[in-house]
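The file model.cif contains mmCIF, C-alpha atoms and all ligand atoms:
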```
data_input
#
loop_
_atom_site.label_atom_id
_atom_site.label_comp_id
_atom_site.auth_asym_id
_atom_site.auth_seq_id
_atom_site.Cartn_x
_atom_site.Cartn_y
_atom_site.Cartn_z
CA MET A 140 1.24 -42.57 35.00
CA ASP A 141 3.69 -44.31 37.35
CA ILE A 142 7.10 -45.20 36.04
CA VAL A 143 10.05 -46.74 37.87
CA PHE A 144 13.54 -45.34 37.35
CA ALA A 145 16.15 -48.07 37.87
CA THR A 146 18.99 -46.04 39.35
CA ASN A 147 21.01 -45.83 42.53
CA ASN A 148 22.06 -42.27 41.62
CA LEU A 149 19.96 -39.65 43.40
CA HIS A 150 21.27 -36.83 41.19
CA LYS A 151 19.90 -38.57 38.12
CA LEU A 152 16.60 -39.06 39.91
CA GLU A 153 16.43 -35.33 40.66
CA GLU A 154 17.33 -34.31 37.09
CA ILE A 155 14.83 -36.63 35.46
CA GLY A 156 12.16 -35.87 38.06
CA ALA A 157 12.40 -32.19 37.06
CA LEU A 158 12.19 -33.11 33.36
CA LEU A 159 9.26 -35.50 33.39
CA GLY A 160 6.56 -33.07 34.47
CA GLU A 161 3.31 -33.71 36.26
CA LYS A 162 1.88 -36.36 33.96
CA PHE A 163 4.34 -38.88 35.35
CA ARG A 164 5.05 -40.02 38.89
CA LEU A 165 8.64 -41.13 39.13
CA ILE A 166 9.21 -44.04 41.49
CA GLY A 167 12.72 -44.57 42.77
CA LEU A 168 14.25 -47.82 44.00
CA LYS A 169 14.10 -46.60 47.59
CA ASP A 170 10.30 -46.34 47.26
CA LEU A 171 10.32 -50.04 46.34
CA ASN A 172 12.72 -50.95 49.17
CA ILE A 173 15.37 -52.07 46.70
CA ILE A 174 18.75 -51.23 48.16
CA GLU A 175 21.20 -53.46 46.30
CA GLU A 176 23.48 -52.17 43.53
CA ILE A 177 22.00 -52.97 40.14
CA PRO A 178 24.43 -55.02 38.06
CA GLU A 179 26.00 -53.25 35.06
CA ASP A 180 28.90 -55.29 33.74
CA HIS A 181 28.82 -54.89 29.97
CA GLU A 182 31.07 -52.98 27.60
CA THR A 183 28.58 -50.59 26.02
CA LEU A 184 26.17 -48.01 27.41
CA GLU A 185 23.38 -49.67 25.43
CA GLU A 186 23.95 -53.08 27.03
CA ASN A 187 24.32 -51.65 30.53
CA ALA A 188 21.16 -49.53 30.28
CA SER A 189 19.30 -52.59 29.02
CA GLN A 190 20.71 -54.82 31.78
CA LYS A 191 19.66 -52.36 34.52
CA ALA A 192 16.14 -51.89 33.16
CA TRP A 193 15.47 -55.62 32.72
CA TYR A 194 16.93 -56.41 36.14
CA ILE A 195 14.39 -54.13 37.85
CA TYR A 196 11.54 -55.16 35.53
CA LYS A 197 12.10 -58.83 36.38
CA ARG A 198 12.56 -58.03 40.06
CA THR A 199 9.40 -55.88 40.40
CA GLY A 200 7.15 -56.49 37.39
CA HIS A 201 6.87 -52.69 36.94
CA ASP A 202 7.42 -50.88 33.68
CA CYS A 203 10.71 -49.07 34.16
CA PHE A 204 13.66 -47.36 32.56
CA ALA A 205 17.39 -47.06 33.24
CA ASP A 206 20.04 -44.53 32.21
CA ASP A 207 23.65 -45.36 31.42
CA THR A 208 25.92 -42.41 30.79
CA GLY A 209 29.54 -42.01 29.75
CA LEU A 210 31.97 -39.18 29.19
CA GLU A 211 33.82 -39.77 25.90
CA VAL A 212 37.05 -37.78 25.57
CA ASP A 213 38.58 -37.59 22.08
CA ALA A 214 42.20 -37.27 23.22
CA LEU A 215 41.72 -40.41 25.33
CA LYS A 216 40.22 -42.35 22.39
CA GLY A 217 36.73 -42.25 23.91
CA ALA A 218 37.74 -43.07 27.51
CA PRO A 219 36.49 -43.15 30.19
CA GLY A 220 33.26 -43.92 28.26
CA VAL A 221 31.37 -46.88 29.65
CA TYR A 222 33.90 -47.02 32.52
CA SER A 223 33.19 -43.43 33.64
CA ALA A 224 31.80 -44.41 37.07
CA ARG A 225 34.88 -46.42 38.09
CA TYR A 226 37.53 -44.54 36.07
CA SER A 227 39.82 -43.77 39.01
CA ARG A 228 39.57 -47.36 40.21
CA ILE A 229 41.01 -48.92 37.04
CA GLY A 230 44.75 -48.91 36.30
CA HIS A 231 46.92 -46.09 37.70
CA PRO A 232 46.83 -43.59 39.28
CA THR A 233 44.04 -44.43 41.69
CA PHE A 234 42.77 -42.35 44.58
CA PRO A 235 41.21 -44.75 47.08
CA ASP A 236 40.77 -42.10 49.77
CA MET A 237 38.75 -39.73 47.62
CA GLU A 238 35.05 -39.65 46.84
CA PRO A 239 34.59 -41.45 43.49
CA ALA A 240 33.65 -38.27 41.59
CA GLU A 241 36.62 -36.38 43.00
CA GLY A 242 39.03 -39.23 42.18
CA ASN A 243 37.61 -39.56 38.67
CA ILE A 244 38.07 -35.84 37.98
CA LYS A 245 41.58 -35.86 39.39
CA LYS A 246 42.58 -38.78 37.21
CA LEU A 247 41.00 -37.17 34.13
CA LEU A 248 42.84 -33.88 34.68
CA ILE A 249 46.14 -35.74 35.10
CA GLU A 250 45.57 -37.78 31.93
CA MET A 251 44.72 -34.55 30.06
CA GLU A 252 47.68 -32.52 31.37
CA GLY A 253 49.29 -30.53 28.55
CA GLU A 254 46.68 -31.79 26.06
CA LYS A 255 45.44 -29.14 23.62
CA LEU A 256 42.67 -31.23 22.06
CA ARG A 257 40.10 -31.26 24.87
CA SER A 258 36.89 -32.01 22.98
CA ALA A 259 34.54 -34.53 24.61
CA ARG A 260 30.93 -35.52 24.84
CA PHE A 261 28.49 -36.87 27.36
CA ARG A 262 26.35 -39.66 25.98
CA THR A 263 23.28 -41.06 27.72
CA VAL A 264 21.40 -44.16 26.68
CA ILE A 265 18.01 -44.75 28.26
CA ALA A 266 16.49 -48.24 28.06
CA LEU A 267 12.74 -48.43 28.68
CA VAL A 268 11.03 -51.74 29.39
CA LEU A 269 7.33 -51.31 28.78
CA GLY A 270 4.89 -54.20 28.68
CA GLY A 271 7.78 -56.63 28.33
CA LYS A 272 9.26 -54.83 25.28
CA GLU A 273 12.43 -52.72 25.23
CA TYR A 274 12.95 -49.31 23.62
CA GLN A 275 16.16 -47.23 23.65
CA PHE A 276 16.78 -43.49 23.41
CA GLU A 277 20.09 -41.63 23.10
CA GLY A 278 21.16 -38.08 23.99
CA VAL A 279 24.53 -36.47 23.29
CA VAL A 280 26.05 -33.13 24.26
CA ASP A 281 29.39 -31.99 22.86
CA GLY A 282 31.77 -29.93 24.91
CA TRP A 283 35.25 -29.34 26.26
CA ILE A 284 37.25 -30.64 29.23
CA THR A 285 38.40 -27.61 31.24
CA GLU A 286 41.90 -27.42 32.72
CA SER A 287 40.61 -27.27 36.29
CA SER A 288 37.36 -27.86 38.20
CA SER A 289 34.82 -25.06 38.54
CA GLY A 290 31.38 -24.99 40.07
CA ALA A 291 29.66 -26.92 42.83
CA LYS A 292 26.31 -27.78 41.29
CA GLY A 293 25.43 -30.95 39.43
CA PHE A 294 27.42 -34.15 39.99
CA GLY A 295 30.05 -36.48 38.58
CA TYR A 296 32.21 -34.86 35.91
CA ASP A 297 30.11 -31.66 35.72
CA PRO A 298 32.86 -29.39 37.21
CA VAL A 299 35.23 -30.15 34.29
CA PHE A 300 32.75 -30.25 31.38
CA ARG A 301 31.92 -27.05 29.50
CA PRO A 302 29.19 -27.62 26.90
CA ASP A 303 29.77 -26.08 23.45
CA GLY A 304 28.24 -22.60 23.17
CA TYR A 305 28.66 -21.81 26.88
CA LYS A 306 31.42 -20.18 28.91
CA ILE A 307 30.62 -22.09 32.11
CA THR A 308 30.75 -25.72 33.17
CA PHE A 309 27.68 -27.84 33.91
CA ALA A 310 28.57 -27.49 37.60
CA GLU A 311 28.23 -23.69 37.32
CA MET A 312 24.74 -23.95 35.79
CA ASP A 313 21.42 -24.11 37.56
CA LEU A 314 19.68 -27.42 37.04
CA ALA A 315 17.08 -25.67 34.87
CA LEU A 316 19.77 -24.67 32.34
CA LYS A 317 21.57 -28.03 32.39
CA ASN A 318 18.18 -29.64 31.83
CA GLN A 319 17.58 -27.52 28.71
CA ILE A 320 20.66 -28.81 26.92
CA SER A 321 22.05 -31.94 28.51
CA HIS A 322 22.60 -35.42 27.10
CA ARG A 323 20.13 -36.75 29.67
CA ALA A 324 17.48 -34.14 28.83
CA GLN A 325 17.65 -35.07 25.14
CA ALA A 326 17.21 -38.76 25.87
CA VAL A 327 14.38 -38.03 28.33
CA GLU A 328 12.54 -35.95 25.72
CA GLN A 329 12.33 -39.03 23.49
CA LEU A 330 11.31 -41.17 26.46
CA VAL A 331 8.46 -38.78 27.25
CA GLN A 332 7.25 -38.81 23.63
CA LYS A 333 7.16 -42.62 23.75
CA LEU A 334 5.32 -42.72 27.10
CA LYS A 335 2.80 -40.09 25.97
CA GLY A 336 2.04 -42.13 22.87
CA MET A 337 1.08 -45.21 24.92
P1 LIG A 401 23.14 -45.82 38.11
O1 LIG A 401 23.92 -46.82 37.28
O2 LIG A 401 22.64 -46.40 39.38
O3 LIG A 401 22.08 -45.12 37.33
P2 LIG A 401 25.70 -44.43 38.19
O4 LIG A 401 26.16 -43.19 38.93
O5 LIG A 401 26.49 -45.69 38.35
O6 LIG A 401 24.15 -44.64 38.55
P3 LIG A 401 26.39 -44.30 35.35
O7 LIG A 401 27.02 -45.64 35.37
O8 LIG A 401 25.50 -43.96 34.22
O9 LIG A 401 25.54 -44.04 36.69
O10 LIG A 401 27.43 -43.10 35.51
C1 LIG A 401 28.64 -43.03 34.86
C2 LIG A 401 29.51 -41.96 35.47
O11 LIG A 401 29.26 -40.74 34.79
C3 LIG A 401 29.33 -41.67 36.96
O12 LIG A 401 30.63 -41.42 37.48
C4 LIG A 401 28.51 -40.42 37.01
O13 LIG A 401 28.84 -39.62 38.13
C5 LIG A 401 28.92 -39.72 35.71
N1 LIG A 401 27.79 -38.97 35.16
C6 LIG A 401 26.61 -39.47 34.72
N2 LIG A 401 25.80 -38.48 34.31
C7 LIG A 401 26.49 -37.32 34.49
C8 LIG A 401 26.19 -35.97 34.30
O14 LIG A 401 24.99 -35.57 33.83
N3 LIG A 401 27.11 -35.06 34.60
C9 LIG A 401 28.31 -35.43 35.09
N4 LIG A 401 28.68 -36.68 35.32
C10 LIG A 401 27.77 -37.63 35.03
#
```
Target encoding structure tokens, full file:
Amino acid sequence: MDIVFATNNLHKLEEIGALLGEKFRLIGLKDLNIIEEIPEDHETLEENASQKAWYIYKRTGHDCFADDTGLEVDALKGAPGVYSARYSRIGHPTFPDMEPAEGNIKKLLIEMEGEKLRSARFRTVIALVLGGKEYQFEGVVDGWITESSSGAKGFGYDPVFRPDGYKITFAEMDLALKNQISHRAQAVEQLVQKLKGM
């Protein structure tokens, strides 16, 4: 079965490609010659995931899904949350010369300086548009914001997120291990069940 993944993020494409297995052929936006940024301008992960999936469905007519993910930090009252991608670009301090992920991590570590309560979670919402109907799936992984970056694998906030039950960050894990436990893997498992049932 062919399914389109409405994302501009190649790391997500790799993670979900590894999770879906051989029954599904994952089609990326590049394969469809879609190069523009997909709009995501709402205030919840649910609305953004939905907006991205419908945008590509209407643009291409293909069944498709989208993933919106946020890092929710308790000491920051749930921030950066839905604003995770552009965290270092809102308010102060900002780091215009850095790669977005590097700037985001730097800002997070500054905001968390001296903070003892470092609990956080990654939350992924996947919106699937199938035959003109929408379905949503959620995955959550609880963890801890480390005091400094470690690891070079993964992407985004992975170097500063240590999932509960592990002594290493997501960025120190092989993709196979991250994919056993991650927020995204949990949401994808439900997506696969839905697609298999069709
Ligand atoms: P698309 O919207 O095109 O899918 P994006 O990178 O904009 O790609 P999100 O809005 O969902 O995706 O990402 C929110 C932020 O969270 C962004 O900075 C990501 O790098 C980060 N992020 C998402 N999933 C992550 C993961 O599994 N590990 C670490 N950081 C992640």
Original post:
Looking at only C-alpha atoms and all ligand atoms, which of A:Phe234, A:Phe144, A:Trp283, A:Tyr196 is the one that sits closest to ligand LIG 401 (chain A)?
Top reply: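 Of the candidates, the smallest distance to ligand LIG 401 (chain A) is held by A:Phe144.
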**OP:** For Phe163 (chain A), please output as a PyMOL selection string all residues within 10 Å (counting only C-alpha atoms; exclusion window: fewer than 4 positions along the same chain).
**Re:** chain A and resi 140-142+156+158-159+331+334-335
Dump as a tab-separated table the rows for residues of chain A within 9 Å of ligand LIG 401 (chain A): closest atom pair and distance in Å with one decimal, all atoms listed in the file counted, ordered by chain and rising residue number.
```
residue	atom	partner	partner_atom	distance
A:Phe144	CA	A:LIG401	O3	8.5
A:Ala145	CA	A:LIG401	O3	6.6
A:Thr146	CA	A:LIG401	O2	3.7
A:Asn147	CA	A:LIG401	O2	3.6
A:Asn148	CA	A:LIG401	O6	4.4
A:Leu149	CA	A:LIG401	O6	8.1
A:His150	CA	A:LIG401	O4	8.3
A:Lys151	CA	A:LIG401	O3	6.9
A:Leu152	CA	A:LIG401	O3	8.6
A:Glu154	CA	A:LIG401	O14	8.4
A:Glu176	CA	A:LIG401	O2	7.2
A:Ile177	CA	A:LIG401	O2	6.6
A:Pro178	CA	A:LIG401	O1	8.3
A:Glu179	CA	A:LIG401	O1	7.1
A:Leu184	CA	A:LIG401	O8	8.0
A:Asn187	CA	A:LIG401	O7	8.2
A:Ala188	CA	A:LIG401	O1	8.0
A:Lys191	CA	A:LIG401	O1	7.5
A:Ala205	CA	A:LIG401	O3	6.5
A:Asp206	CA	A:LIG401	O3	5.5
A:Asp207	CA	A:LIG401	O8	3.6
A:Thr208	CA	A:LIG401	O8	3.8
A:Gly209	CA	A:LIG401	O11	5.2
A:Leu210	CA	A:LIG401	O11	6.4
A:Pro219	CA	A:LIG401	C2	8.8
A:Gly220	CA	A:LIG401	C1	8.1
A:Val221	CA	A:LIG401	C1	7.0
A:Tyr222	CA	A:LIG401	C1	7.0
A:Ser223	CA	A:LIG401	C2	4.4
A:Ala224	CA	A:LIG401	O12	3.2
A:Arg225	CA	A:LIG401	O12	6.6
A:Tyr226	CA	A:LIG401	O12	7.7
A:Pro239	CA	A:LIG401	O12	7.2
A:Ala240	CA	A:LIG401	O12	6.0
A:Asn243	CA	A:LIG401	O12	7.3
A:Phe261	CA	A:LIG401	C8	7.4
A:Arg262	CA	A:LIG401	N2	8.4
A:Thr263	CA	A:LIG401	O8	7.5
A:Val264	CA	A:LIG401	O8	8.6
A:Gly293	CA	A:LIG401	N3	6.6
A:Phe294	CA	A:LIG401	C9	5.1
A:Gly295	CA	A:LIG401	O13	3.4
A:Tyr296	CA	A:LIG401	N4	4.0
A:Asp297	CA	A:LIG401	C9	4.2
A:Pro298	CA	A:LIG401	C9	7.9
A:Val299	CA	A:LIG401	C9	8.7
A:Phe300	CA	A:LIG401	C9	7.8
A:Phe309	CA	A:LIG401	N3	7.3
A:Ala310	CA	A:LIG401	N3	8.3
A:Lys317	CA	A:LIG401	O14	8.4
A:Ser321	CA	A:LIG401	O14	7.1
A:His322	CA	A:LIG401	O14	7.1
A:Arg323	CA	A:LIG401	O14	6.5
```
Original post:
Suppose you want the space between CA of Ala266 (chain A) and CA of Ile195 (chain A); what is it in Å?
Top reply: 11.6 Å
Original post:
Of the candidates A:Lys306, A:His181, A:Lys333, A:Lys216, which one gets nearest to Ser258 (chain A) if we count all atoms listed in the file?
Top reply: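 Ranked by minimum distance to Ser258 (chain A), first place goes to A:Lys216.
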Subject >> CA of Val327 (chain A) to CA of Val280 (chain A), straight-line distance in Å >> reply: 13.3 Å
Final N, CA, C and O atoms of region 225-244 of chain A as a compact mmCIF listing (two decimals), keeping the file's coordinate frame:
```
# COMPACT_ATOMS: atom_id res chain seq x y z
N ARG A 225 33.76 -45.85 37.29
CA ARG A 225 34.88 -46.42 38.09
C ARG A 225 36.24 -46.07 37.49
O ARG A 225 37.23 -46.80 37.68
N TYR A 226 36.30 -44.95 36.79
CA TYR A 226 37.53 -44.54 36.07
C TYR A 226 38.76 -44.52 36.98
O TYR A 226 39.80 -45.07 36.64
N SER A 227 38.63 -43.91 38.15
CA SER A 227 39.82 -43.77 39.01
C SER A 227 40.17 -45.08 39.70
O SER A 227 41.20 -45.18 40.36
N ARG A 228 39.30 -46.08 39.54
CA ARG A 228 39.57 -47.36 40.21
C ARG A 228 40.24 -48.37 39.27
O ARG A 228 40.60 -49.45 39.69
N ILE A 229 40.35 -47.98 37.95
CA ILE A 229 41.01 -48.92 37.04
C ILE A 229 42.39 -48.41 36.67
O ILE A 229 42.56 -47.22 36.42
N GLY A 230 43.39 -49.30 36.65
CA GLY A 230 44.75 -48.91 36.30
C GLY A 230 45.33 -47.92 37.29
O GLY A 230 44.95 -47.91 38.45
N HIS A 231 46.26 -47.07 36.82
CA HIS A 231 46.92 -46.09 37.70
C HIS A 231 46.80 -44.71 37.09
O HIS A 231 46.72 -44.58 35.89
N PRO A 232 46.82 -43.61 37.82
CA PRO A 232 46.83 -43.59 39.28
C PRO A 232 45.43 -43.77 39.86
O PRO A 232 44.45 -43.44 39.21
N THR A 233 45.35 -44.29 41.04
CA THR A 233 44.04 -44.43 41.69
C THR A 233 44.04 -43.60 42.98
O THR A 233 45.09 -43.34 43.55
N PHE A 234 42.89 -43.22 43.40
CA PHE A 234 42.77 -42.35 44.58
C PHE A 234 41.76 -42.94 45.54
O PHE A 234 40.64 -42.45 45.66
N PRO A 235 42.16 -44.01 46.25
CA PRO A 235 41.21 -44.75 47.08
C PRO A 235 40.60 -43.93 48.20
O PRO A 235 39.50 -44.25 48.67
N ASP A 236 41.30 -42.86 48.64
CA ASP A 236 40.77 -42.10 49.77
C ASP A 236 39.77 -41.03 49.36
O ASP A 236 39.13 -40.41 50.20
N MET A 237 39.65 -40.81 48.07
CA MET A 237 38.75 -39.73 47.62
C MET A 237 37.36 -40.26 47.32
O MET A 237 37.17 -41.43 47.01
N GLU A 238 36.39 -39.35 47.36
CA GLU A 238 35.05 -39.65 46.84
C GLU A 238 35.22 -40.06 45.39
O GLU A 238 36.08 -39.49 44.68
N PRO A 239 34.40 -41.01 44.88
CA PRO A 239 34.59 -41.45 43.49
C PRO A 239 34.63 -40.29 42.48
O PRO A 239 35.51 -40.24 41.63
N ALA A 240 33.70 -39.34 42.60
CA ALA A 240 33.65 -38.27 41.59
C ALA A 240 34.92 -37.43 41.63
O ALA A 240 35.46 -37.05 40.59
N GLU A 241 35.41 -37.19 42.84
CA GLU A 241 36.62 -36.38 43.00
C GLU A 241 37.84 -37.11 42.41
O GLU A 241 38.66 -36.52 41.70
N GLY A 242 37.93 -38.41 42.71
CA GLY A 242 39.03 -39.23 42.18
C GLY A 242 38.97 -39.31 40.66
O GLY A 242 39.99 -39.22 39.97
N ASN A 243 37.77 -39.47 40.12
CA ASN A 243 37.61 -39.56 38.67
C ASN A 243 38.07 -38.27 37.99
O ASN A 243 38.77 -38.30 36.98
N ILE A 244 37.68 -37.13 38.56
CA ILE A 244 38.07 -35.84 37.98
C ILE A 244 39.58 -35.65 38.07
O ILE A 244 40.23 -35.23 37.13
```
